[in-house]
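File shown: structure31.pdb. Contents: PDB, C-alpha atoms.
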```pdb
ATOM      1  CA  MET A  25     133.149  80.326  73.115  1.00  0.00           C
ATOM      2  CA  ARG A  26     131.192  82.207  75.725  1.00  0.00           C
ATOM      3  CA  ALA A  27     127.841  83.831  74.977  1.00  0.00           C
ATOM      4  CA  ILE A  28     127.620  87.477  76.058  1.00  0.00           C
ATOM      5  CA  ARG A  29     124.252  88.913  77.109  1.00  0.00           C
ATOM      6  CA  VAL A  30     123.253  92.033  75.181  1.00  0.00           C
ATOM      7  CA  GLU A  31     121.474  94.736  77.188  1.00  0.00           C
ATOM      8  CA  THR A  32     118.544  96.016  75.129  1.00  0.00           C
ATOM      9  CA  SER A  33     116.506  98.109  77.594  1.00  0.00           C
ATOM     10  CA  SER A  34     117.771 101.491  76.324  1.00  0.00           C
ATOM     11  CA  ALA A  35     118.043 100.494  72.654  1.00  0.00           C
ATOM     12  CA  THR A  36     115.664 101.042  69.775  1.00  0.00           C
ATOM     13  CA  ILE A  37     115.463  97.872  67.662  1.00  0.00           C
ATOM     14  CA  LEU A  38     113.711  98.079  64.297  1.00  0.00           C
ATOM     15  CA  LEU A  39     112.879  95.161  61.996  1.00  0.00           C
ATOM     16  CA  THR A  40     114.684  95.484  58.638  1.00  0.00           C
ATOM     17  CA  ASP A  41     114.168  91.971  57.225  1.00  0.00           C
ATOM     18  CA  PRO A  42     111.175  89.752  58.043  1.00  0.00           C
ATOM     19  CA  PRO A  43     111.731  86.283  59.545  1.00  0.00           C
ATOM     20  CA  ALA A  44     113.077  83.737  57.070  1.00  0.00           C
ATOM     21  CA  PRO A  45     114.287  80.156  57.503  1.00  0.00           C
ATOM     22  CA  LYS A  46     117.970  79.922  58.427  1.00  0.00           C
ATOM     23  CA  LEU A  47     119.731  77.725  55.893  1.00  0.00           C
ATOM     24  CA  ARG A  48     122.266  75.163  57.046  1.00  0.00           C
ATOM     25  CA  ASP A  49     123.245  74.352  53.467  1.00  0.00           C
ATOM     26  CA  ARG A  50     122.516  76.887  50.720  1.00  0.00           C
ATOM     27  CA  GLN A  51     123.077  74.362  47.940  1.00  0.00           C
ATOM     28  CA  THR A  52     120.512  71.849  49.206  1.00  0.00           C
ATOM     29  CA  GLY A  53     118.193  74.308  50.954  1.00  0.00           C
ATOM     30  CA  GLU A  54     118.470  72.372  54.229  1.00  0.00           C
ATOM     31  CA  ILE A  55     117.063  74.413  57.119  1.00  0.00           C
ATOM     32  CA  ALA A  56     119.199  74.815  60.246  1.00  0.00           C
ATOM     33  CA  LYS A  57     117.934  73.175  63.438  1.00  0.00           C
ATOM     34  CA  ASP A  58     118.665  73.885  67.079  1.00  0.00           C
ATOM     35  CA  ALA A  59     121.323  71.416  68.246  1.00  0.00           C
ATOM     36  CA  VAL A  60     119.482  70.701  71.524  1.00  0.00           C
ATOM     37  CA  THR A  61     115.768  70.831  70.665  1.00  0.00           C
ATOM     38  CA  GLY A  62     115.841  70.060  66.941  1.00  0.00           C
ATOM     39  CA  GLU A  63     113.526  73.034  66.312  1.00  0.00           C
ATOM     40  CA  ALA A  64     113.825  74.897  62.998  1.00  0.00           C
ATOM     41  CA  LEU A  65     115.692  78.199  63.204  1.00  0.00           C
ATOM     42  CA  MET A  66     114.779  81.517  61.599  1.00  0.00           C
ATOM     43  CA  THR A  67     116.757  84.705  60.991  1.00  0.00           C
ATOM     44  CA  VAL A  68     115.556  88.285  61.225  1.00  0.00           C
ATOM     45  CA  GLY A  69     117.335  91.467  60.238  1.00  0.00           C
ATOM     46  CA  VAL A  70     117.262  94.386  62.644  1.00  0.00           C
ATOM     47  CA  VAL A  71     118.889  97.743  63.136  1.00  0.00           C
ATOM     48  CA  TYR A  72     120.066  98.125  66.741  1.00  0.00           C
ATOM     49  CA  ILE A  73     120.261 101.777  67.790  1.00  0.00           C
ATOM     50  CA  ASP A  74     121.724 102.805  71.142  1.00  0.00           C
ATOM     51  CA  GLU A  75     123.552 105.887  72.414  1.00  0.00           C
ATOM     52  CA  GLY A  76     123.602 107.516  68.965  1.00  0.00           C
ATOM     53  CA  GLU A  77     125.160 104.522  67.190  1.00  0.00           C
ATOM     54  CA  SER A  78     123.485 101.929  64.993  1.00  0.00           C
ATOM     55  CA  SER A  79     124.361  98.462  63.739  1.00  0.00           C
ATOM     56  CA  LEU A  80     122.662  96.114  61.300  1.00  0.00           C
ATOM     57  CA  LEU A  81     122.347  92.653  62.848  1.00  0.00           C
ATOM     58  CA  SER A  82     121.130  89.290  61.664  1.00  0.00           C
ATOM     59  CA  VAL A  83     119.599  87.470  64.638  1.00  0.00           C
ATOM     60  CA  THR A  84     118.780  83.756  64.868  1.00  0.00           C
ATOM     61  CA  VAL A  85     115.496  82.899  66.605  1.00  0.00           C
ATOM     62  CA  PRO A  86     113.732  79.547  67.099  1.00  0.00           C
ATOM     63  CA  GLN A  87     110.684  79.224  64.855  1.00  0.00           C
ATOM     64  CA  SER A  88     108.340  79.054  67.881  1.00  0.00           C
ATOM     65  CA  GLY A  89     109.696  82.439  69.085  1.00  0.00           C
ATOM     66  CA  VAL A  90     108.677  84.334  65.950  1.00  0.00           C
ATOM     67  CA  THR A  91     105.628  86.584  66.261  1.00  0.00           C
ATOM     68  CA  ASP A  92     103.647  86.543  62.992  1.00  0.00           C
ATOM     69  CA  GLY A  93     102.764  89.727  61.156  1.00  0.00           C
ATOM     70  CA  LEU A  94     105.605  91.991  62.257  1.00  0.00           C
ATOM     71  CA  PRO A  95     105.863  94.778  59.662  1.00  0.00           C
ATOM     72  CA  VAL A  96     109.280  95.862  58.386  1.00  0.00           C
ATOM     73  CA  GLY A  97     110.271  99.117  60.079  1.00  0.00           C
ATOM     74  CA  SER A  98     108.385  98.358  63.282  1.00  0.00           C
ATOM     75  CA  PRO A  99     110.040  98.348  66.700  1.00  0.00           C
ATOM     76  CA  VAL A 100     110.687  94.851  68.026  1.00  0.00           C
ATOM     77  CA  SER A 101     112.029  93.278  71.192  1.00  0.00           C
ATOM     78  CA  LEU A 102     114.586  90.476  71.292  1.00  0.00           C
ATOM     79  CA  PRO A 103     114.281  88.797  74.703  1.00  0.00           C
ATOM     80  CA  GLY A 104     117.333  86.830  75.748  1.00  0.00           C
ATOM     81  CA  LEU A 105     119.593  88.416  73.090  1.00  0.00           C
ATOM     82  CA  VAL A 106     123.161  87.095  73.274  1.00  0.00           C
ATOM     83  CA  ALA A 107     126.277  87.647  71.184  1.00  0.00           C
ATOM     84  CA  ARG A 108     128.644  84.759  70.545  1.00  0.00           C
ATOM     85  CA  PRO A 109     132.064  85.356  68.925  1.00  0.00           C
ATOM     86  CA  TRP A 110     133.046  82.751  66.322  1.00  0.00           C
ATOM     87  CA  GLU A 111     135.981  81.918  64.075  1.00  0.00           C
ATOM     88  CA  SER A 112     136.630  79.340  61.380  1.00  0.00           C
ATOM     89  CA  VAL A 113     138.879  78.555  58.451  1.00  0.00           C
ATOM     90  CA  PHE A 114     137.267  78.290  55.008  1.00  0.00           C
ATOM     91  CA  ASN A 115     139.321  77.563  51.896  1.00  0.00           C
ATOM     92  CA  GLY A 116     142.482  78.293  53.863  1.00  0.00           C
ATOM     93  CA  GLN A 117     141.312  81.720  55.011  1.00  0.00           C
ATOM     94  CA  ALA A 118     140.573  82.564  58.629  1.00  0.00           C
ATOM     95  CA  ARG A 119     137.177  84.163  59.194  1.00  0.00           C
ATOM     96  CA  HIS A 120     135.611  85.533  62.348  1.00  0.00           C
ATOM     97  CA  GLY A 121     132.573  87.453  63.519  1.00  0.00           C
ATOM     98  CA  ILE A 122     129.780  87.657  66.042  1.00  0.00           C
ATOM     99  CA  ALA A 123     126.614  85.543  65.891  1.00  0.00           C
ATOM    100  CA  TYR A 124     123.475  86.904  67.559  1.00  0.00           C
ATOM    101  CA  ARG A 125     120.698  84.765  68.972  1.00  0.00           C
ATOM    102  CA  ALA A 126     117.484  85.590  70.827  1.00  0.00           C
ATOM    103  CA  ALA A 127     114.740  83.521  72.421  1.00  0.00           C
ATOM    104  CA  ALA A 128     112.100  85.395  70.410  1.00  0.00           C
ATOM    105  CA  VAL A 129     111.284  88.359  68.200  1.00  0.00           C
ATOM    106  CA  ALA A 130     108.160  90.170  69.352  1.00  0.00           C
ATOM    107  CA  PRO A 131     106.481  93.559  68.985  1.00  0.00           C
ATOM    108  CA  GLY A 132     108.445  96.226  70.815  1.00  0.00           C
ATOM    109  CA  ALA A 133     108.175  99.879  71.633  1.00  0.00           C
ATOM    110  CA  PHE A 134     110.364 102.917  71.307  1.00  0.00           C
ATOM    111  CA  PRO A 135     112.210 103.419  74.613  1.00  0.00           C
ATOM    112  CA  VAL A 136     110.985 106.302  76.762  1.00  0.00           C
ATOM    113  CA  ARG A 137     113.734 108.876  77.164  1.00  0.00           C
ATOM    114  CA  ALA A 138     114.130 110.558  80.519  1.00  0.00           C
ATOM    115  CA  GLU A 139     113.719 114.300  80.242  1.00  0.00           C
ATOM    116  CA  GLY A 140     116.076 116.362  82.178  1.00  0.00           C
TER     117      GLY A 140
END
```

Can you give me the file's structure in the form of structure tokens?
Amino acid sequence: MRAIRVETSSATILLTDPPAPKLRDRQTGEIAKDAVTGEALMTVGVVYIDEGESSLLSVTVPQSGVTDGLPVGSPVSLPGLVARPWESVFNGQARHGIAYRAAAVAPGAFPVRAEG
């Protein structure tokens, strides 16, 4: 399915869960790898706030794109953020959702609001 670019310039994005390895298999503890580069993948939890609405997101980031020492609650940036719809069947039940991926997670800033 197609990846959809997510516009983040007017959003406030706050870190809610620090970077952690993304597991491919929870039973074995196998860490997920990028299908193209083979690099280990990490997940971060964020709250995405824009136009008075907020959403909790789990975002996948390559390990090399993770900035160390980001405190929970701090504003972050997610360059190259995309949303990719997915669907699958597990144990006979159809499931669907949206997977988020970014090139990096880095320190961010609160957006400057235009006064008017």

Would you mind listing what lies within 6 Å of stretch 36-46 of chain A as a list in words, with only C-alpha atoms counted and same-chain residues fewer than 6 positions away left out?
-> Ile55, Ala56, Leu65, Met66, Thr67, Val68, Gly69, Val70, Val71, Tyr72, Ile73, Val96, Gly97, Ser98, Pro99, Val100 and Phe134 of chain A

Between atom CA of A:Asp58 and atom CA of A:Val129, what is the distance, to one decimal in Å?
-> 16.3 Å

Shell of 12 Å around A:Ala127, all atoms listed in the file, local chain residues under 5 positions omitted, as a PyMOL selection string = chain A and resi 29+58+65-67+83-91+101-106

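The gap separating atom CA of A:Ala64 from atom CA of A:Thr32 is 24.8 Å, in Å to one decimal.
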
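The space separating atom CA of A:Ser82 from atom CA of A:Asp49 comes to 17.2 Å.
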
Among listed residues A:Val60, A:Gly116, A:Ile122, A:Leu94, nearest A:Ile28 (using all atoms listed in the file) = A:Ile122

Axis-aligned box over every listed atom of stretch 29-37 of chain A, padded by 5 Å per side: centre and edges in Å to one decimal, as AutoDock Vina command-line options?
```
--center_x 119.9 --center_y 95.2 --center_z 72.6 --size_x 18.8 --size_y 22.6 --size_z 19.9
```

Evaluating the PyMOL selection byres ((chain A and resi 111) around 12) on the displayed file yields which residues, as a list of chain:residue names?
-> A:Met25, A:Arg108, A:Pro109, A:Trp110, A:Ser112, A:Val113, A:Phe114, A:Gln117, A:Ala118, A:Arg119, A:His120, A:Gly121, A:Ile122, A:Ala123

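With distances taken over all atoms listed in the file, A:Pro95 is the one residue among A:Glu77, A:Asn115, A:Thr61, A:Pro95 lying closest to A:Gly132.
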
Closest to A:Gly93 among A:Leu47, A:Ala27, A:Ala130, A:Ala35, using all atoms listed in the file?
-> A:Ala130
